[in-house]
Structures are given as structure tokens and as C-alpha cells.
Amino acid sequence: MPPDTDHLQATRRLTVGMPHMVPGQLSEVELLKFAGDLQWQSMGAALKTPPHQLVNDAGERLYASFINIEAHFGDGCLAQFQEGDELHLSSRTAFFAKQFVEGWVLLGTDQAEVSEAAAASHDKGKLDEQSVPRLYMTNALISREGSNTKLKTSRPDNVQALDLAELRDRPAGMVEHAQVQSSGHIAHALCHHGATPLKLSSAEPIAYEIQPDGDLNGAGLVYFARYIAMMNHAERETLRRRMHAPFSTQLSACLSTRSRRTFYFANAEPADTVEICCKAWLLEAQPARDVTTTRMATFLFDYQLYRRSDGVLMASSLAERCLIVPNRQKSLAAEATRFIAGLG
């Protein structure tokens with residue numbers, strides 16, 4: 001279909017500063033917040049209503065709940081983005097069935113490259129052909145029915161009066177969401193072919209108590225980007241406490257996301273605890289060195305998040321994470337080499 005028929009386009013810039021970072025690189029959580037807000041603002045523009053004023057026919061406040069996020073950052077991973085970098089973001093947003101939204105964001109430091117890739121990304125298939133870092137996202141417009149565990153999809157009250165162009169086909173993220181929810185499995189060819197499972201001392205879930213002052217958004221819901229922070233917590237605990245030769249805290253900070261697929265199924269009350277099951281594989285252990293860093297290895301992590309209160313699956317995610325060590329930190333490189341050798 002023509003690229004501008006069903007999609008609303010937007011551009012934005014972000015200068016990477018300390019609030020957007022974790023040690024040594026752009027924060028995945030903060031990037032998702034920024035991209036999520038860009039999509040939220042685009043929804044409001046399409047609906048000709050400020051996002052904070054969106055309501056359904058019953059006058060109930062509407063929110064954009066994430067269904068899935070697919071992120072690809074290339075071999076440079078998120079570590080390629082450093083303090084002071086100016087990122088150029090180009091996005092497309094489209095509605096489906098008047099209450100679901102498909103969108104994507106392409107980003108990078110080269111504005112011309114990002115613009116060229118964005119112009120060629122007419123649909124999900126074309127998006128997947130791009131080499132620039134990118135995010136693909138789907139949302140459902142929802143309202144609350146008294147608690148964070150009772151959410152329902154809902155249409156904006158003014159949507160019928162608008163000449164809102166919509167997608168003809170169900171977005172790929174919605175199709176995959178249903179498949180993952182029913183199977184409990186995110187397909188990845190590398191899980192069982194050519195990958196070395198990390199032997200863990202325990203398969204028990206890792207507990208994460210929801211922190212109201214950091215994990216909740218303005219609506220009191222557990223914020224979609226904070227699910228990633230919970231996964232990172234479980235990942236660190238797995239590597240530091242469940243390995244025969246554990247990662248140090250310093251080495252754990254050298255992990256950087258190359259790609260991640262996340263599917264969201266449920267929210268939780270502020271007083272609840274999230275239980276996270278984490279499995280891991282070593283995908284690659286061939287060092288790749290550049291001027292300032294060395295990519296020592298690449299890992300695959302599988303995460304399943306459950307509500308402790310009732311055992312409901314909240315999210316499933318699969319991430320490729322690269323271990324990128326600064327060349328000046330010889331001790332970390334030696335630790336990484338010992339760890340990898342111990343997996344053989």
C-alpha cells in the first residue's frame with residue numbers, strides 16, 4: 001500500500017545525556033520511554049486530541065498499553081550510542097480497528113541514513129530489511145476497570161467522527177502476540193542450534209518487588225519500559241549468583257542489547273511482586289575488537305515474568321546481549337575470557 005495512506009509520520013531529535021544513560025551507553029529503558037512517548041504523541045495527533053484528554057464513550061481515560069516491542073540495534077548494540085551523540089528519530093504510526101496502533105521508530109546519528117531508511121520502510125516487511133537501529137511497536141488503547149489487573153480495550157469517543165485512515169490487515173505484532181501467548185514460546189533458531197546453555201545452580205524464579213516510585217507511570221500502572229529493567233535485574237542475579245564462575249558487577253555492566261523481542265500480557269498492582277524465570281545461552285565467543293572496545297561474546301536470554309499474587313504471565317522476552325568490554329580495562333577482559341573458558 002502507499003506509504004503515506006495509513007501512516008502518520010513524525011521526526012524528533014535526542015541528544016544523549018546523563019539522564020538517558022546507564023554506565024557507558026544509552027539506556028534501553030530510557031530509549032523505550034522516549035520512543036513510547038513519540039508513539040503516544042503521534043496517536044494524539046491522529047485523533048486530533050491531546051493524549052492526556054483521550055477518553056472512551058463512557059468518559060473513561062484511555063491509555064496506550066503495549067502489546068509487543070521488537071528492537072534491533074545491530075552489531076554495535078546500544079553501546080554504539082554515547083554521551084553527546086545526537087540521535088535522529090523517524091517514526092510511522094497507524095491505527096487498526098480504531099483501538100490498536102502499529103508503529104516503528106528508526107534512529108541513528110546519521111540523519112540522511114535514517115531518513116532514507118524511513119522512506120523505504122512502508123510496512124513491517126520493508127522495515128525488517130533495514131540495517132539502521134529500529135523499534136517496532138504495537139499498542140492497544142485501554143481503560144481501567146478498577147485495578148491494574150482489570151484492563152479492557154476501548155475506542156476513543158471521537159474516533160467515529162474522524163476520517164481516520166486505518167490498516168487493512170492485522171499488524172504483525174498482534175498476530176505474533178497471540179501466538180506467543182498461546183504457546184509460551186518466542187521462536188529463535190539459535191536457542192537450540194549452535195548455542196551453549198549456561199548451567200545454572202537453580203531454576204527458581206527471581207523475585208522483584210515492584211517499586212512504586214520508579215516502576216509506575218502517572219496512571220499508577222507498571223510502566224512498559226520498566227519490564228525491561230526487571231529483566232535486567234533477573235539477568236544480573238542469574239549471572240552473579242547462579243553460575244559456578246559468576247560475573248562480577250562490573251562485568252555485568254558491560255552487557256549491551258543487540259536485539260530484543262518482548263510481548264506484554266498483563267499488568268500488576270503496586271504492592272505485588274514479579275517473579276522472573278531466566279534462561280541463558282552462549283551464542284558466540286569470538287572476540288571482535290575495534291578502536292575502543294572488544295565484543296567478547298554474545299548471549300541469548302529468555303525471560304518469563306509472572307505475577308506472584310496469582311501466577312499470571314505478565315510478559316515474555318528474548319534478547320541477544322553482547323558483552324562489550326572497554327579495551328583499557330584489561331582485568332574485565334581477563335574475567336570475560338575466564339568465564340567463557342569455564343563454559344567449555
# chains A, B, ... in the order shown; residues from 1 in each chain; ligands from 1
$ residues_around --residues "Trp104 of chain A" --least-positions-apart "6" --cutoff "7 Å" --atoms "only C-alpha atoms" --output "number ranges by chain"
A: 91-93, 135-137
$ residues_around --residues "Lys48 of chain A" --least-positions-apart "6" --cutoff "12 Å" --atoms "only C-alpha atoms" --output "number ranges by chain"
A: 41-42, 54, 156-159, 161-164
$ write_last_selection --atoms "C-alpha atoms" --output "short mmCIF file (atom, residue, chain, number, x, y, z; two decimals), in the first residue's frame"
data_model
loop_
_atom_site.label_atom_id
_atom_site.label_comp_id
_atom_site.auth_asym_id
_atom_site.auth_seq_id
_atom_site.Cartn_x
_atom_site.Cartn_y
_atom_site.Cartn_z
CA GLN A 41 2.04 11.82 20.83
CA SER A 42 1.53 10.55 17.28
CA LEU A 54 -8.32 10.80 25.31
CA PRO A 156 -11.74 6.90 21.66
CA ASP A 157 -15.06 8.73 21.89
CA ASN A 158 -14.37 10.85 18.79
CA VAL A 159 -12.95 8.16 16.52
CA ALA A 161 -16.31 11.34 13.62
CA LEU A 162 -12.78 11.36 12.23
CA ASP A 163 -11.74 10.39 8.74
CA LEU A 164 -9.10 8.11 10.23
#
$ closest_atom_pairs --of "segment 174-274 of chain A" --to "segment 57-81 of chain A" --cutoff "10 Å" --atoms "only C-alpha atoms" --output "Markdown table"
| residue | atom | partner | partner_atom | distance |
| --- | --- | --- | --- | --- |
| A:Met174 | CA | A:Ile67 | CA | 7.0 |
| A:Glu176 | CA | A:Asn68 | CA | 8.6 |
| A:His177 | CA | A:Asn68 | CA | 6.8 |
| A:Ala178 | CA | A:Ile67 | CA | 9.7 |
| A:Ala219 | CA | A:Tyr63 | CA | 8.4 |
| A:Leu221 | CA | A:Ser65 | CA | 9.7 |
| A:Tyr223 | CA | A:Ser65 | CA | 9.1 |
| A:Phe224 | CA | A:Phe66 | CA | 6.7 |
| A:Ala225 | CA | A:Phe66 | CA | 9.6 |
| A:Cys254 | CA | A:Ala79 | CA | 8.8 |
| A:Leu255 | CA | A:Ala79 | CA | 8.7 |
| A:Ser256 | CA | A:Leu78 | CA | 5.8 |
| A:Thr257 | CA | A:Cys77 | CA | 5.4 |
| A:Arg258 | CA | A:Cys77 | CA | 4.3 |
| A:Ser259 | CA | A:His72 | CA | 4.4 |
| A:Arg260 | CA | A:Ala71 | CA | 5.1 |
| A:Arg261 | CA | A:Glu70 | CA | 4.5 |
| A:Thr262 | CA | A:Ile69 | CA | 5.3 |
| A:Phe263 | CA | A:Asn68 | CA | 4.4 |
| A:Tyr264 | CA | A:Ile67 | CA | 5.1 |
| A:Phe265 | CA | A:Ile67 | CA | 7.1 |
| A:Ala266 | CA | A:Ile67 | CA | 9.5 |
| A:Asn267 | CA | A:Ser65 | CA | 9.5 |
$ residues_around --residues "Asp302 of chain A" --least-positions-apart "4" --cutoff "6 Å" --atoms "only C-alpha atoms" --output "list in words"
Cys278, Lys279, Ser317 and Leu318 of chain A
$ closest_atom_pairs --of "segment 174-246 of chain A" --to "segment 17-40 of chain A" --cutoff "7 Å" --atoms "only C-alpha atoms" --output "Markdown table"
| residue | atom | partner | partner_atom | distance |
| --- | --- | --- | --- | --- |
| A:Ala225 | CA | A:Val29 | CA | 5.3 |
| A:Arg226 | CA | A:Val29 | CA | 6.6 |
| A:Ile228 | CA | A:Val29 | CA | 6.5 |
| A:Ala229 | CA | A:Val29 | CA | 6.7 |
$ closest_residue --among "A:Ala245, A:Ala268, A:Val274, A:Leu343" --to "Ala297 of chain A" --atoms "only C-alpha atoms"
A:Leu343
$ select_by_dssp --residues "segment 85-254 of chain A" --states "alpha helix (DSSP H)" --output "ChimeraX atom specification"
/A:111-120,124-128,172-183,212-215,224-241,249-252
$ select_by_dssp --residues "segment 81-304 of chain A" --states "strand (DSSP E)" --output "MDAnalysis selection string"
chainID A and resid 86:96 100:108 134:147 150:153 196:197 206:209 255:264 273:284 288:289 293:304
$ residues_around --residues "segment 195-205 of chain A" --least-positions-apart "2" --cutoff "6 Å" --atoms "only C-alpha atoms" --output "list in words"
His193, Arg242, Met243, Glu275, Ile276, Cys277, Ala280, Trp281, Leu282 and Leu283 of chain A
$ write_last_selection --atoms "N, CA and C atoms" --output "short mmCIF file (atom, residue, chain, number, x, y, z; two decimals), in the first residue's frame"
data_model
loop_
_atom_site.label_atom_id
_atom_site.label_comp_id
_atom_site.auth_asym_id
_atom_site.auth_seq_id
_atom_site.Cartn_x
_atom_site.Cartn_y
_atom_site.Cartn_z
N HIS A 193 20.37 -24.51 18.33
CA HIS A 193 21.31 -24.87 17.27
C HIS A 193 22.55 -23.98 17.38
N ARG A 242 24.12 -17.53 40.18
CA ARG A 242 23.71 -18.88 39.80
C ARG A 242 24.68 -19.57 38.85
N MET A 243 25.85 -18.95 38.69
CA MET A 243 26.89 -19.54 37.86
C MET A 243 28.02 -20.06 38.74
N GLU A 275 7.78 -12.37 39.59
CA GLU A 275 8.71 -13.49 39.62
C GLU A 275 9.20 -13.74 38.20
N ILE A 276 10.52 -13.77 38.03
CA ILE A 276 11.13 -13.81 36.70
C ILE A 276 11.93 -15.10 36.53
N CYS A 277 11.54 -15.88 35.53
CA CYS A 277 12.31 -17.07 35.16
C CYS A 277 13.26 -16.67 34.04
N ALA A 280 19.58 -18.84 29.83
CA ALA A 280 20.59 -18.16 29.02
C ALA A 280 21.41 -19.16 28.22
N TRP A 281 21.88 -18.68 27.07
CA TRP A 281 22.77 -19.46 26.20
C TRP A 281 23.93 -18.58 25.77
N LEU A 282 25.09 -19.20 25.56
CA LEU A 282 26.21 -18.52 24.91
C LEU A 282 26.07 -18.75 23.40
N LEU A 283 25.93 -17.66 22.64
CA LEU A 283 25.76 -17.77 21.19
C LEU A 283 27.09 -17.71 20.45
#
$ atom_distance --atom1 "atom CA of Leu216 of chain A" --atom2 "atom CA of Val105 of chain A"
23.8 Å
$ residues_around --residues "Leu87 of chain A" --least-positions-apart "3" --cutoff "10 Å" --atoms "only C-alpha atoms" --output "count of residues only"
15
$ decode --residues "segment 182-215 of chain A" --atoms "N, CA and C atoms" --output "compact mmCIF listing (two decimals), in the first residue's frame"
# COMPACT_ATOMS: atom_id res chain seq x y z
N SER A 182 -0.33 -18.07 23.45
CA SER A 182 -0.90 -19.42 23.47
C SER A 182 0.16 -20.51 23.60
N SER A 183 1.36 -20.24 23.10
CA SER A 183 2.41 -21.26 23.14
C SER A 183 3.40 -21.07 24.28
N GLY A 184 3.52 -19.82 24.78
CA GLY A 184 4.51 -19.53 25.81
C GLY A 184 5.93 -19.55 25.28
N HIS A 185 6.09 -19.45 23.96
CA HIS A 185 7.41 -19.62 23.37
C HIS A 185 7.64 -18.58 22.28
N ILE A 186 8.79 -17.91 22.32
CA ILE A 186 9.21 -17.00 21.27
C ILE A 186 10.22 -17.74 20.41
N ALA A 187 9.89 -17.91 19.16
CA ALA A 187 10.75 -18.70 18.28
C ALA A 187 12.09 -18.00 18.07
N HIS A 188 13.16 -18.78 18.14
CA HIS A 188 14.51 -18.28 17.85
C HIS A 188 15.37 -19.47 17.48
N ALA A 189 15.85 -19.48 16.25
CA ALA A 189 16.60 -20.64 15.74
C ALA A 189 17.86 -20.92 16.54
N LEU A 190 18.42 -19.90 17.18
CA LEU A 190 19.70 -20.08 17.86
C LEU A 190 19.55 -20.71 19.24
N CYS A 191 18.32 -20.85 19.73
CA CYS A 191 18.14 -21.41 21.07
C CYS A 191 18.71 -22.82 21.18
N HIS A 192 18.56 -23.60 20.14
CA HIS A 192 18.93 -25.00 20.24
C HIS A 192 19.96 -25.43 19.19
N HIS A 193 20.37 -24.51 18.33
CA HIS A 193 21.31 -24.87 17.27
C HIS A 193 22.55 -23.98 17.38
N GLY A 194 23.65 -24.57 17.75
CA GLY A 194 24.90 -23.83 17.83
C GLY A 194 25.05 -22.97 19.05
N ALA A 195 24.18 -23.13 20.04
CA ALA A 195 24.26 -22.34 21.26
C ALA A 195 24.58 -23.24 22.45
N THR A 196 25.32 -22.69 23.41
CA THR A 196 25.71 -23.45 24.61
C THR A 196 24.86 -22.98 25.79
N PRO A 197 24.00 -23.82 26.36
CA PRO A 197 23.20 -23.41 27.51
C PRO A 197 24.10 -23.11 28.71
N LEU A 198 23.80 -22.05 29.43
CA LEU A 198 24.52 -21.76 30.66
C LEU A 198 23.95 -22.63 31.77
N LYS A 199 24.82 -23.35 32.46
CA LYS A 199 24.39 -24.24 33.54
C LYS A 199 24.20 -23.42 34.81
N LEU A 200 22.96 -23.45 35.31
CA LEU A 200 22.61 -22.64 36.46
C LEU A 200 22.40 -23.52 37.68
N SER A 201 22.70 -22.98 38.84
CA SER A 201 22.58 -23.74 40.08
C SER A 201 21.14 -23.87 40.53
N SER A 202 20.25 -23.04 40.01
CA SER A 202 18.85 -23.07 40.40
C SER A 202 17.99 -22.57 39.25
N ALA A 203 16.80 -23.15 39.13
CA ALA A 203 15.83 -22.70 38.13
C ALA A 203 14.69 -21.94 38.79
N GLU A 204 14.80 -21.67 40.09
CA GLU A 204 13.75 -20.94 40.79
C GLU A 204 13.62 -19.53 40.27
N PRO A 205 12.40 -19.01 40.20
CA PRO A 205 12.22 -17.63 39.74
C PRO A 205 12.95 -16.64 40.65
N ILE A 206 13.35 -15.53 40.05
CA ILE A 206 13.98 -14.45 40.79
C ILE A 206 12.92 -13.40 41.09
N ALA A 207 12.81 -13.02 42.34
CA ALA A 207 11.76 -12.11 42.78
C ALA A 207 12.17 -10.66 42.59
N TYR A 208 11.20 -9.87 42.16
CA TYR A 208 11.39 -8.42 42.02
C TYR A 208 10.17 -7.74 42.61
N GLU A 209 10.36 -7.00 43.69
CA GLU A 209 9.26 -6.26 44.31
C GLU A 209 9.05 -4.95 43.55
N ILE A 210 7.83 -4.72 43.12
CA ILE A 210 7.51 -3.51 42.37
C ILE A 210 7.77 -2.29 43.25
N GLN A 211 8.49 -1.32 42.69
CA GLN A 211 8.83 -0.09 43.40
C GLN A 211 7.95 1.05 42.89
N PRO A 212 6.98 1.49 43.69
CA PRO A 212 6.02 2.50 43.20
C PRO A 212 6.67 3.79 42.71
N ASP A 213 7.78 4.20 43.31
CA ASP A 213 8.37 5.48 42.90
C ASP A 213 9.25 5.37 41.67
N GLY A 214 9.42 4.17 41.11
CA GLY A 214 10.23 4.03 39.92
C GLY A 214 9.59 3.20 38.82
N ASP A 215 8.73 2.24 39.20
CA ASP A 215 8.17 1.31 38.23
C ASP A 215 6.80 1.70 37.72
